[in-house]
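So this one's work29.pdb, PDB, C-alpha atoms:
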```pdb
ATOM      1  CA  LYS A   1      -3.143 -57.776  26.659  1.00  0.00           C
ATOM      2  CA  ASN A   2       0.032 -55.741  26.197  1.00  0.00           C
ATOM      3  CA  ILE A   3      -1.455 -54.145  23.126  1.00  0.00           C
ATOM      4  CA  MET A   4      -4.603 -53.340  25.086  1.00  0.00           C
ATOM      5  CA  LYS A   5      -2.534 -51.799  27.854  1.00  0.00           C
ATOM      6  CA  LEU A   6      -0.613 -49.681  25.370  1.00  0.00           C
ATOM      7  CA  LEU A   7      -3.821 -48.532  23.729  1.00  0.00           C
ATOM      8  CA  PHE A   8      -5.287 -47.731  27.127  1.00  0.00           C
ATOM      9  CA  LEU A   9      -2.235 -45.719  28.157  1.00  0.00           C
ATOM     10  CA  LEU A  10      -2.214 -43.886  24.860  1.00  0.00           C
ATOM     11  CA  PHE A  11      -5.918 -43.088  25.216  1.00  0.00           C
ATOM     12  CA  PHE A  12      -5.516 -42.035  28.855  1.00  0.00           C
ATOM     13  CA  SER A  13      -2.532 -39.791  28.113  1.00  0.00           C
ATOM     14  CA  SER A  14      -4.343 -38.231  25.170  1.00  0.00           C
ATOM     15  CA  VAL A  15      -7.416 -37.476  27.272  1.00  0.00           C
ATOM     16  CA  ALA A  16      -5.290 -36.219  30.134  1.00  0.00           C
ATOM     17  CA  TRP A  17      -3.419 -33.847  27.803  1.00  0.00           C
ATOM     18  CA  GLY A  18      -6.692 -32.704  26.350  1.00  0.00           C
ATOM     19  CA  PHE A  19      -7.809 -31.534  29.809  1.00  0.00           C
ATOM     20  CA  VAL A  20      -4.638 -29.640  30.670  1.00  0.00           C
ATOM     21  CA  PRO A  21      -5.733 -26.059  31.553  1.00  0.00           C
ATOM     22  CA  LEU A  22      -5.142 -23.613  28.736  1.00  0.00           C
ATOM     23  CA  THR A  23      -3.235 -21.357  31.109  1.00  0.00           C
ATOM     24  CA  ASN A  24      -0.598 -24.041  31.496  1.00  0.00           C
ATOM     25  CA  VAL A  25      -0.370 -24.427  27.742  1.00  0.00           C
ATOM     26  CA  ALA A  26      -0.018 -20.662  27.438  1.00  0.00           C
ATOM     27  CA  ARG A  27       2.741 -20.691  30.032  1.00  0.00           C
ATOM     28  CA  LEU A  28       4.569 -23.368  28.135  1.00  0.00           C
ATOM     29  CA  ASN A  29       4.203 -21.432  24.901  1.00  0.00           C
ATOM     30  CA  THR A  30       5.299 -18.201  26.613  1.00  0.00           C
ATOM     31  CA  LYS A  31       8.387 -19.876  28.044  1.00  0.00           C
ATOM     32  CA  THR A  32       9.196 -21.275  24.615  1.00  0.00           C
ATOM     33  CA  VAL A  33       8.781 -17.890  22.914  1.00  0.00           C
ATOM     34  CA  THR A  34      10.731 -16.095  25.620  1.00  0.00           C
ATOM     35  CA  SER A  35      13.506 -18.612  25.464  1.00  0.00           C
ATOM     36  CA  THR A  36      13.607 -18.316  21.678  1.00  0.00           C
ATOM     37  CA  ALA A  37      13.616 -14.523  21.887  1.00  0.00           C
ATOM     38  CA  VAL A  38      16.526 -14.507  24.321  1.00  0.00           C
ATOM     39  CA  HIS A  39      18.602 -16.843  22.215  1.00  0.00           C
ATOM     40  CA  SER A  40      17.792 -14.927  19.012  1.00  0.00           C
ATOM     41  CA  SER A  41      18.668 -11.421  20.371  1.00  0.00           C
ATOM     42  CA  ASN A  42      21.184  -9.300  18.459  1.00  0.00           C
ATOM     43  CA  PRO A  43      24.614  -9.597  20.142  1.00  0.00           C
ATOM     44  CA  PHE A  44      25.479  -6.055  18.973  1.00  0.00           C
ATOM     45  CA  GLU A  45      22.323  -4.507  20.462  1.00  0.00           C
ATOM     46  CA  LYS A  46      23.972  -3.375  23.702  1.00  0.00           C
ATOM     47  CA  LEU A  47      26.945  -1.954  21.798  1.00  0.00           C
ATOM     48  CA  LEU A  48      24.646  -0.018  19.475  1.00  0.00           C
ATOM     49  CA  GLN A  49      22.739   1.358  22.479  1.00  0.00           C
ATOM     50  CA  LYS A  50      25.993   2.623  23.981  1.00  0.00           C
ATOM     51  CA  LEU A  51      27.134   4.215  20.721  1.00  0.00           C
ATOM     52  CA  ALA A  52      23.764   5.842  19.977  1.00  0.00           C
ATOM     53  CA  PRO A  53      23.518   9.494  21.107  1.00  0.00           C
ATOM     54  CA  PRO A  54      21.265  10.128  24.133  1.00  0.00           C
ATOM     55  CA  PRO A  55      17.846  11.656  23.408  1.00  0.00           C
ATOM     56  CA  ALA A  56      17.900  15.439  23.251  1.00  0.00           C
ATOM     57  CA  GLU A  57      16.593  17.180  26.362  1.00  0.00           C
ATOM     58  CA  PRO A  58      13.803  19.731  25.919  1.00  0.00           C
ATOM     59  CA  PRO A  59      15.075  23.325  25.829  1.00  0.00           C
ATOM     60  CA  ALA A  60      15.076  25.137  29.156  1.00  0.00           C
ATOM     61  CA  PRO A  61      12.394  27.824  29.498  1.00  0.00           C
ATOM     62  CA  LYS A  62      13.558  31.338  28.695  1.00  0.00           C
ATOM     63  CA  PHE A  63      11.876  32.710  31.814  1.00  0.00           C
ATOM     64  CA  PRO A  64      10.954  30.983  35.075  1.00  0.00           C
ATOM     65  CA  LYS A  65       7.307  30.797  36.093  1.00  0.00           C
ATOM     66  CA  VAL A  66       6.401  33.524  38.571  1.00  0.00           C
ATOM     67  CA  VAL A  67       3.188  33.718  40.589  1.00  0.00           C
ATOM     68  CA  VAL A  68       2.956  37.290  41.858  1.00  0.00           C
ATOM     69  CA  PRO A  69       2.372  37.381  45.635  1.00  0.00           C
ATOM     70  CA  PRO A  70      -1.103  38.677  46.551  1.00  0.00           C
ATOM     71  CA  SER A  71      -1.299  41.977  48.394  1.00  0.00           C
ATOM     72  CA  PRO A  72      -4.231  42.900  50.676  1.00  0.00           C
ATOM     73  CA  ALA A  73      -3.081  46.537  50.850  1.00  0.00           C
ATOM     74  CA  LEU A  74      -5.807  47.828  48.511  1.00  0.00           C
ATOM     75  CA  GLY A  75      -8.611  46.000  50.327  1.00  0.00           C
ATOM     76  CA  VAL A  76      -7.349  47.227  53.703  1.00  0.00           C
ATOM     77  CA  ALA A  77      -7.050  50.777  52.328  1.00  0.00           C
ATOM     78  CA  PHE A  78     -10.812  50.749  51.689  1.00  0.00           C
ATOM     79  CA  LEU A  79     -11.695  48.749  54.809  1.00  0.00           C
ATOM     80  CA  VAL A  80     -10.133  51.162  57.329  1.00  0.00           C
ATOM     81  CA  PRO A  81     -12.074  54.303  56.266  1.00  0.00           C
ATOM     82  CA  SER A  82     -15.292  52.281  55.923  1.00  0.00           C
ATOM     83  CA  LEU A  83     -14.971  51.132  59.552  1.00  0.00           C
ATOM     84  CA  ALA A  84     -14.144  54.663  60.685  1.00  0.00           C
ATOM     85  CA  LEU A  85     -17.120  56.053  58.772  1.00  0.00           C
ATOM     86  CA  SER A  86     -19.435  53.408  60.250  1.00  0.00           C
ATOM     87  CA  THR A  87     -18.959  54.976  63.695  1.00  0.00           C
ATOM     88  CA  VAL A  88     -20.641  58.088  62.342  1.00  0.00           C
ATOM     89  CA  SER A  89     -23.222  56.606  59.985  1.00  0.00           C
ATOM     90  CA  LEU A  90     -23.715  53.066  58.774  1.00  0.00           C
ATOM     91  CA  VAL A  91     -25.504  53.947  55.532  1.00  0.00           C
ATOM     92  CA  PRO A  92     -22.650  55.708  53.672  1.00  0.00           C
ATOM     93  CA  SER A  93     -20.033  53.291  55.055  1.00  0.00           C
ATOM     94  CA  LEU A  94     -21.836  50.131  53.897  1.00  0.00           C
ATOM     95  CA  PRO A  95     -20.994  50.354  50.132  1.00  0.00           C
ATOM     96  CA  LEU A  96     -17.355  51.072  50.990  1.00  0.00           C
ATOM     97  CA  LEU A  97     -17.283  48.161  53.435  1.00  0.00           C
ATOM     98  CA  LEU A  98     -18.788  45.751  50.892  1.00  0.00           C
ATOM     99  CA  PHE A  99     -16.307  46.867  48.238  1.00  0.00           C
ATOM    100  CA  SER A 100     -13.362  46.352  50.592  1.00  0.00           C
ATOM    101  CA  VAL A 101     -14.613  42.851  51.460  1.00  0.00           C
ATOM    102  CA  PHE A 102     -14.952  42.087  47.731  1.00  0.00           C
ATOM    103  CA  LEU A 103     -11.350  43.213  47.128  1.00  0.00           C
ATOM    104  CA  LEU A 104     -10.064  41.055  49.978  1.00  0.00           C
ATOM    105  CA  ILE A 105     -11.920  38.008  48.633  1.00  0.00           C
ATOM    106  CA  GLN A 106     -10.471  38.613  45.177  1.00  0.00           C
ATOM    107  CA  THR A 107      -7.028  39.004  46.727  1.00  0.00           C
ATOM    108  CA  SER A 108      -7.327  35.563  48.298  1.00  0.00           C
ATOM    109  CA  ARG A 109      -8.381  33.820  45.066  1.00  0.00           C
ATOM    110  CA  VAL A 110      -6.966  35.639  41.991  1.00  0.00           C
ATOM    111  CA  ARG A 111      -3.323  35.202  40.975  1.00  0.00           C
ATOM    112  CA  PHE A 112      -1.281  37.084  38.382  1.00  0.00           C
ATOM    113  CA  VAL A 113       0.938  34.502  36.682  1.00  0.00           C
ATOM    114  CA  PHE A 114       3.953  34.927  34.377  1.00  0.00           C
ATOM    115  CA  ASP A 115       5.093  31.801  32.549  1.00  0.00           C
ATOM    116  CA  ASP A 116       7.581  31.348  29.720  1.00  0.00           C
ATOM    117  CA  GLU A 117       5.402  32.969  27.045  1.00  0.00           C
ATOM    118  CA  THR A 118       2.279  34.501  28.572  1.00  0.00           C
ATOM    119  CA  PHE A 119       0.828  36.677  31.326  1.00  0.00           C
ATOM    120  CA  SER A 120      -2.390  35.275  32.753  1.00  0.00           C
ATOM    121  CA  LEU A 121      -4.961  35.544  35.499  1.00  0.00           C
ATOM    122  CA  GLN A 122      -5.680  32.296  37.338  1.00  0.00           C
ATOM    123  CA  ASN A 123      -7.678  31.233  40.371  1.00  0.00           C
ATOM    124  CA  ALA A 124      -6.129  29.704  43.483  1.00  0.00           C
ATOM    125  CA  LYS A 125      -7.976  26.689  44.853  1.00  0.00           C
ATOM    126  CA  PRO A 126      -9.125  27.224  48.473  1.00  0.00           C
ATOM    127  CA  PHE A 127      -6.592  26.199  51.133  1.00  0.00           C
ATOM    128  CA  THR A 128      -4.043  25.005  48.554  1.00  0.00           C
ATOM    129  CA  ASP A 129      -1.304  26.400  46.327  1.00  0.00           C
ATOM    130  CA  GLU A 130      -2.864  24.825  43.223  1.00  0.00           C
ATOM    131  CA  LEU A 131      -3.979  27.095  40.386  1.00  0.00           C
ATOM    132  CA  GLU A 132      -6.788  26.656  37.884  1.00  0.00           C
ATOM    133  CA  SER A 133      -8.140  28.563  34.897  1.00  0.00           C
ATOM    134  CA  SER A 134     -10.085  31.723  35.665  1.00  0.00           C
ATOM    135  CA  GLY A 135     -12.401  31.019  32.743  1.00  0.00           C
ATOM    136  CA  GLU A 136     -13.196  33.358  29.870  1.00  0.00           C
ATOM    137  CA  ASN A 137     -12.806  37.122  30.009  1.00  0.00           C
ATOM    138  CA  PHE A 138     -16.213  38.488  30.978  1.00  0.00           C
ATOM    139  CA  VAL A 139     -15.919  41.512  28.619  1.00  0.00           C
ATOM    140  CA  VAL A 140     -14.513  40.241  25.318  1.00  0.00           C
ATOM    141  CA  GLY A 141     -14.441  36.474  25.879  1.00  0.00           C
ATOM    142  CA  GLY A 142     -11.422  34.256  25.382  1.00  0.00           C
ATOM    143  CA  GLU A 143      -8.995  32.966  27.971  1.00  0.00           C
ATOM    144  CA  ASN A 144      -7.422  35.403  30.442  1.00  0.00           C
ATOM    145  CA  SER A 145      -3.955  34.758  29.016  1.00  0.00           C
ATOM    146  CA  TRP A 146      -1.930  37.059  26.781  1.00  0.00           C
ATOM    147  CA  ALA A 147       1.389  36.592  24.958  1.00  0.00           C
ATOM    148  CA  TYR A 148       4.130  39.073  25.890  1.00  0.00           C
ATOM    149  CA  ASP A 149       4.726  40.073  22.268  1.00  0.00           C
ATOM    150  CA  SER A 150       1.071  41.168  21.985  1.00  0.00           C
ATOM    151  CA  PHE A 151       1.497  43.918  24.606  1.00  0.00           C
ATOM    152  CA  VAL A 152       1.173  47.526  23.416  1.00  0.00           C
ATOM    153  CA  ASN A 153       1.378  49.314  26.769  1.00  0.00           C
ATOM    154  CA  TRP A 154       1.100  48.821  30.521  1.00  0.00           C
ATOM    155  CA  GLU A 155       0.923  51.115  33.547  1.00  0.00           C
ATOM    156  CA  PHE A 156      -0.276  51.500  37.138  1.00  0.00           C
ATOM    157  CA  PHE A 157      -2.774  54.150  38.275  1.00  0.00           C
ATOM    158  CA  PRO A 158      -1.856  56.095  40.285  1.00  0.00           C
ATOM    159  CA  ARG A 159       1.859  55.319  40.279  1.00  0.00           C
ATOM    160  CA  ALA A 160       2.477  56.379  43.898  1.00  0.00           C
ATOM    161  CA  PHE A 161      -0.129  53.998  45.331  1.00  0.00           C
ATOM    162  CA  PRO A 162      -1.440  51.743  42.532  1.00  0.00           C
ATOM    163  CA  ILE A 163      -5.154  51.057  42.578  1.00  0.00           C
ATOM    164  CA  LEU A 164      -5.464  49.776  39.005  1.00  0.00           C
ATOM    165  CA  VAL A 165      -3.246  47.646  36.785  1.00  0.00           C
ATOM    166  CA  TYR A 166      -3.620  48.705  33.163  1.00  0.00           C
ATOM    167  CA  PHE A 167      -2.369  47.087  29.957  1.00  0.00           C
ATOM    168  CA  LYS A 168      -3.222  46.879  26.261  1.00  0.00           C
ATOM    169  CA  GLU A 169      -2.736  43.950  23.915  1.00  0.00           C
ATOM    170  CA  THR A 170      -3.384  43.068  20.282  1.00  0.00           C
ATOM    171  CA  GLN A 171      -4.092  39.365  20.835  1.00  0.00           C
ATOM    172  CA  THR A 172      -7.825  40.039  21.147  1.00  0.00           C
ATOM    173  CA  PRO A 173      -9.490  40.201  17.681  1.00  0.00           C
ATOM    174  CA  GLU A 174      -9.544  43.777  16.384  1.00  0.00           C
ATOM    175  CA  GLU A 175     -13.327  43.884  16.029  1.00  0.00           C
ATOM    176  CA  LYS A 176     -13.580  43.641  19.835  1.00  0.00           C
ATOM    177  CA  TRP A 177     -11.104  46.412  20.693  1.00  0.00           C
ATOM    178  CA  SER A 178     -13.881  48.965  21.195  1.00  0.00           C
ATOM    179  CA  GLU A 179     -15.879  46.752  23.565  1.00  0.00           C
ATOM    180  CA  GLY A 180     -15.877  47.429  27.297  1.00  0.00           C
ATOM    181  CA  PRO A 181     -13.224  49.930  28.402  1.00  0.00           C
ATOM    182  CA  GLY A 182     -11.455  49.620  25.010  1.00  0.00           C
ATOM    183  CA  SER A 183     -13.183  52.744  23.733  1.00  0.00           C
ATOM    184  CA  LEU A 184     -11.459  54.851  26.421  1.00  0.00           C
ATOM    185  CA  ASP A 185      -8.006  54.575  24.846  1.00  0.00           C
ATOM    186  CA  LYS A 186      -7.516  54.093  21.098  1.00  0.00           C
ATOM    187  CA  VAL A 187      -3.885  55.230  20.963  1.00  0.00           C
ATOM    188  CA  GLY A 188      -1.681  52.510  19.482  1.00  0.00           C
ATOM    189  CA  GLY A 189      -4.580  50.110  18.947  1.00  0.00           C
ATOM    190  CA  GLY A 190      -5.280  46.999  20.989  1.00  0.00           C
ATOM    191  CA  GLN A 191      -7.711  45.883  23.685  1.00  0.00           C
ATOM    192  CA  LEU A 192      -7.628  47.713  26.997  1.00  0.00           C
ATOM    193  CA  HIS A 193      -7.647  45.849  30.340  1.00  0.00           C
ATOM    194  CA  PHE A 194      -7.982  47.099  33.921  1.00  0.00           C
ATOM    195  CA  PHE A 195      -7.548  45.013  37.071  1.00  0.00           C
ATOM    196  CA  PRO A 196      -7.527  46.053  40.733  1.00  0.00           C
ATOM    197  CA  ALA A 197      -3.992  46.102  42.139  1.00  0.00           C
ATOM    198  CA  ILE A 198      -4.526  43.122  44.458  1.00  0.00           C
ATOM    199  CA  ALA A 199      -1.004  41.744  43.914  1.00  0.00           C
ATOM    200  CA  ASP A 200       2.488  43.039  44.640  1.00  0.00           C
ATOM    201  CA  THR A 201       2.842  45.782  41.996  1.00  0.00           C
ATOM    202  CA  SER A 202       6.628  45.970  42.407  1.00  0.00           C
ATOM    203  CA  VAL A 203       6.855  42.333  41.251  1.00  0.00           C
ATOM    204  CA  LEU A 204       4.362  43.008  38.452  1.00  0.00           C
ATOM    205  CA  LYS A 205       6.471  45.946  37.225  1.00  0.00           C
ATOM    206  CA  GLU A 206       9.681  43.898  37.433  1.00  0.00           C
ATOM    207  CA  GLU A 207       8.196  41.020  35.431  1.00  0.00           C
ATOM    208  CA  PHE A 208       6.595  43.253  32.777  1.00  0.00           C
ATOM    209  CA  GLU A 209      10.020  44.798  32.175  1.00  0.00           C
ATOM    210  CA  ARG A 210      11.945  41.533  32.423  1.00  0.00           C
ATOM    211  CA  ARG A 211       9.787  39.824  29.786  1.00  0.00           C
ATOM    212  CA  GLY A 212       9.968  42.696  27.325  1.00  0.00           C
ATOM    213  CA  CYS A 213       6.328  43.803  27.453  1.00  0.00           C
ATOM    214  CA  ALA A 214       6.031  46.924  25.284  1.00  0.00           C
ATOM    215  CA  LYS A 215       5.452  50.243  27.033  1.00  0.00           C
ATOM    216  CA  MET A 216       4.680  53.637  25.510  1.00  0.00           C
TER
END
```

Give the structure from the file, written as structure tokens.
Amino acid sequence: KNIMKLLFLLFFSSVAWGFVPLTNVARLNTKTVTSTAVHSSNPFEKLLQKLAPPPAEPPAPKFPKVVVPPSPALGVAFLVPSLALSTVSLVPSLPLLLFSVFLLIQTSRVRFVFDDETFSLQNAKPFTDELESSGENFVVGGENSWAYDSFVNWEFFPRAFPILVYFKETQTPEEKWSEGPGSLDKVGGGQLHFFPAIADTSVLKEEFERRGCAKM
């Protein structure tokens, strides 16, 4: 009988162990491994960590990022005479009015951005300060972003009250330099760009000079 009891207990314990959930077995194994890992750790590890030099920090940018403040002055400069002219005749004032509205819309969405290495045009998301890509240049293709060392010249027209921002760069492939307005100015080579002066031109001038953009 005692032998039968022992066999029964052995059988019962074997079956019971066989039905222990695998998660419990995994926990037991994990505890065993963890315990082993703790006891087998290198006693000099902490000392080596203290003696090891800290990871090198990334170099600070040469120039801070600057988003040029938008300026509605140009749009308003066209809006005022269009409204005055509309009191006399609506027909001639309408194109001027539409153009002024277009400039004001562009002023609200387009941003001139200077980062550490490039000058770019980006779009401001509505009702936020977030910026996003303005897409490809509609004349010659490629991103609206140009390295400072690719600049050949820059200027404002007219200087007294800028209406256009002008610059030339050699980043655009040479075979495209004559496309669009590029054929108007071939002095010094490069691709010609014009943008309406819908941002603070004093800040634009300051940043062009600060970042070493070439000027004839």

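Straight-line separation from CA of Val67 in chain A to CA of Leu97 in chain A: 28.2 Å.
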
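Taking CA of Leu79 in chain A and CA of Pro95 in chain A as the two end points, the separation is 10.5 Å.
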
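Taking all atoms listed in the file, the non-local environment of range 134-137 of chain A within 10 Å (same-chain residues fewer than 3 positions away omitted) comprises Arg109, Val110, Arg111, Ser120, Leu121, Gln122, Asn123, Ala124, Leu131, Val140, Gly141, Gly142, Glu143, Asn144 and Ser145 of chain A.
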
Within 7 Å of Phe194 in chain A, counting all atoms listed in the file, which residues qualify if same-chain residues fewer than 4 places away don't, as a short mmCIF file (atom, residue, chain, number, x, y, z; two decimals) with C-alpha atoms, in the frame of the given file?
```cif
data_model
loop_
_atom_site.label_atom_id
_atom_site.label_comp_id
_atom_site.auth_asym_id
_atom_site.auth_seq_id
_atom_site.Cartn_x
_atom_site.Cartn_y
_atom_site.Cartn_z
CA LEU A 164 -5.46 49.78 39.01
CA VAL A 165 -3.25 47.65 36.78
CA TYR A 166 -3.62 48.70 33.16
CA PHE A 167 -2.37 47.09 29.96
#
```

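What separates CA of Thr128 in chain A from CA of Trp146 in chain A is a distance of 25.0 Å.
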
Would you translate the PyMOL selection byres ((chain A and resi 203-210) around 9) into the concrete set of residues it matches in this file, as a PDB file with C-alpha atoms, in the frame of the given file?
```pdb
ATOM      1  CA  PHE A  63      11.876  32.710  31.814  1.00  0.00           C
ATOM      2  CA  VAL A  66       6.401  33.524  38.571  1.00  0.00           C
ATOM      3  CA  VAL A  68       2.956  37.290  41.858  1.00  0.00           C
ATOM      4  CA  PRO A  69       2.372  37.381  45.635  1.00  0.00           C
ATOM      5  CA  PHE A 112      -1.281  37.084  38.382  1.00  0.00           C
ATOM      6  CA  PHE A 114       3.953  34.927  34.377  1.00  0.00           C
ATOM      7  CA  PHE A 119       0.828  36.677  31.326  1.00  0.00           C
ATOM      8  CA  TYR A 148       4.130  39.073  25.890  1.00  0.00           C
ATOM      9  CA  TRP A 154       1.100  48.821  30.521  1.00  0.00           C
ATOM     10  CA  GLU A 155       0.923  51.115  33.547  1.00  0.00           C
ATOM     11  CA  PHE A 156      -0.276  51.500  37.138  1.00  0.00           C
ATOM     12  CA  ALA A 199      -1.004  41.744  43.914  1.00  0.00           C
ATOM     13  CA  ASP A 200       2.488  43.039  44.640  1.00  0.00           C
ATOM     14  CA  THR A 201       2.842  45.782  41.996  1.00  0.00           C
ATOM     15  CA  SER A 202       6.628  45.970  42.407  1.00  0.00           C
ATOM     16  CA  ARG A 211       9.787  39.824  29.786  1.00  0.00           C
ATOM     17  CA  GLY A 212       9.968  42.696  27.325  1.00  0.00           C
ATOM     18  CA  CYS A 213       6.328  43.803  27.453  1.00  0.00           C
ATOM     19  CA  ALA A 214       6.031  46.924  25.284  1.00  0.00           C
ATOM     20  CA  LYS A 215       5.452  50.243  27.033  1.00  0.00           C
TER      21      LYS A 215
END
```

Could you list, as number ranges by chain, every residue matched by the PyMOL selection byres ((chain A and resi 177-185) around 12) in this structure? A: 137-141, 152-153, 166-176, 186-195

Show me, as lines of an AutoDock Vina configuration file, the centre and edge lengths in Å to one decimal of the axis-aligned box that covers every listed atom of range 62-76 of chain A with 4 Å on each side.
```
center_x = 2.5
center_y = 39.3
center_z = 41.2
size_x = 30.2
size_y = 25.0
size_z = 33.0
```

Tell me which residues the PyMOL selection byres ((chain A and resi 198) around 8) grabs here, as a ChimeraX atom specification. /A:70-75,103,106-107,196-197,199-200

Output file for the selection above: C-alpha atoms, as a PDB file, in the frame of the given file:
```pdb
ATOM      1  CA  PRO A  70      -1.103  38.677  46.551  1.00  0.00           C
ATOM      2  CA  SER A  71      -1.299  41.977  48.394  1.00  0.00           C
ATOM      3  CA  PRO A  72      -4.231  42.900  50.676  1.00  0.00           C
ATOM      4  CA  ALA A  73      -3.081  46.537  50.850  1.00  0.00           C
ATOM      5  CA  LEU A  74      -5.807  47.828  48.511  1.00  0.00           C
ATOM      6  CA  GLY A  75      -8.611  46.000  50.327  1.00  0.00           C
ATOM      7  CA  LEU A 103     -11.350  43.213  47.128  1.00  0.00           C
ATOM      8  CA  GLN A 106     -10.471  38.613  45.177  1.00  0.00           C
ATOM      9  CA  THR A 107      -7.028  39.004  46.727  1.00  0.00           C
ATOM     10  CA  PRO A 196      -7.527  46.053  40.733  1.00  0.00           C
ATOM     11  CA  ALA A 197      -3.992  46.102  42.139  1.00  0.00           C
ATOM     12  CA  ALA A 199      -1.004  41.744  43.914  1.00  0.00           C
ATOM     13  CA  ASP A 200       2.488  43.039  44.640  1.00  0.00           C
TER      14      ASP A 200
END
```

The residue from A:Met216, A:Glu57, A:Val91, A:Leu83 with the smallest atom-to-atom distance to Phe151 in chain A, counting only C-alpha atoms, is A:Met216

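You can rank A:Leu104, A:Ala147, A:Ile163, A:Leu85 by their closest distance to Glu117 in chain A using only C-alpha atoms, and at the top of that list sits A:Ala147.
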
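Using only C-alpha atoms, the contacts of Ser82 in chain A at a cut-off of 10 Å, with sequence neighbours closer than 3 positions omitted, comprise Val76, Ala77, Phe78, Leu79, Leu85, Ser86, Thr87, Ser89, Leu90, Pro92, Ser93, Leu94, Pro95, Leu96, Leu97, Leu98, Phe99 and Ser100 of chain A.
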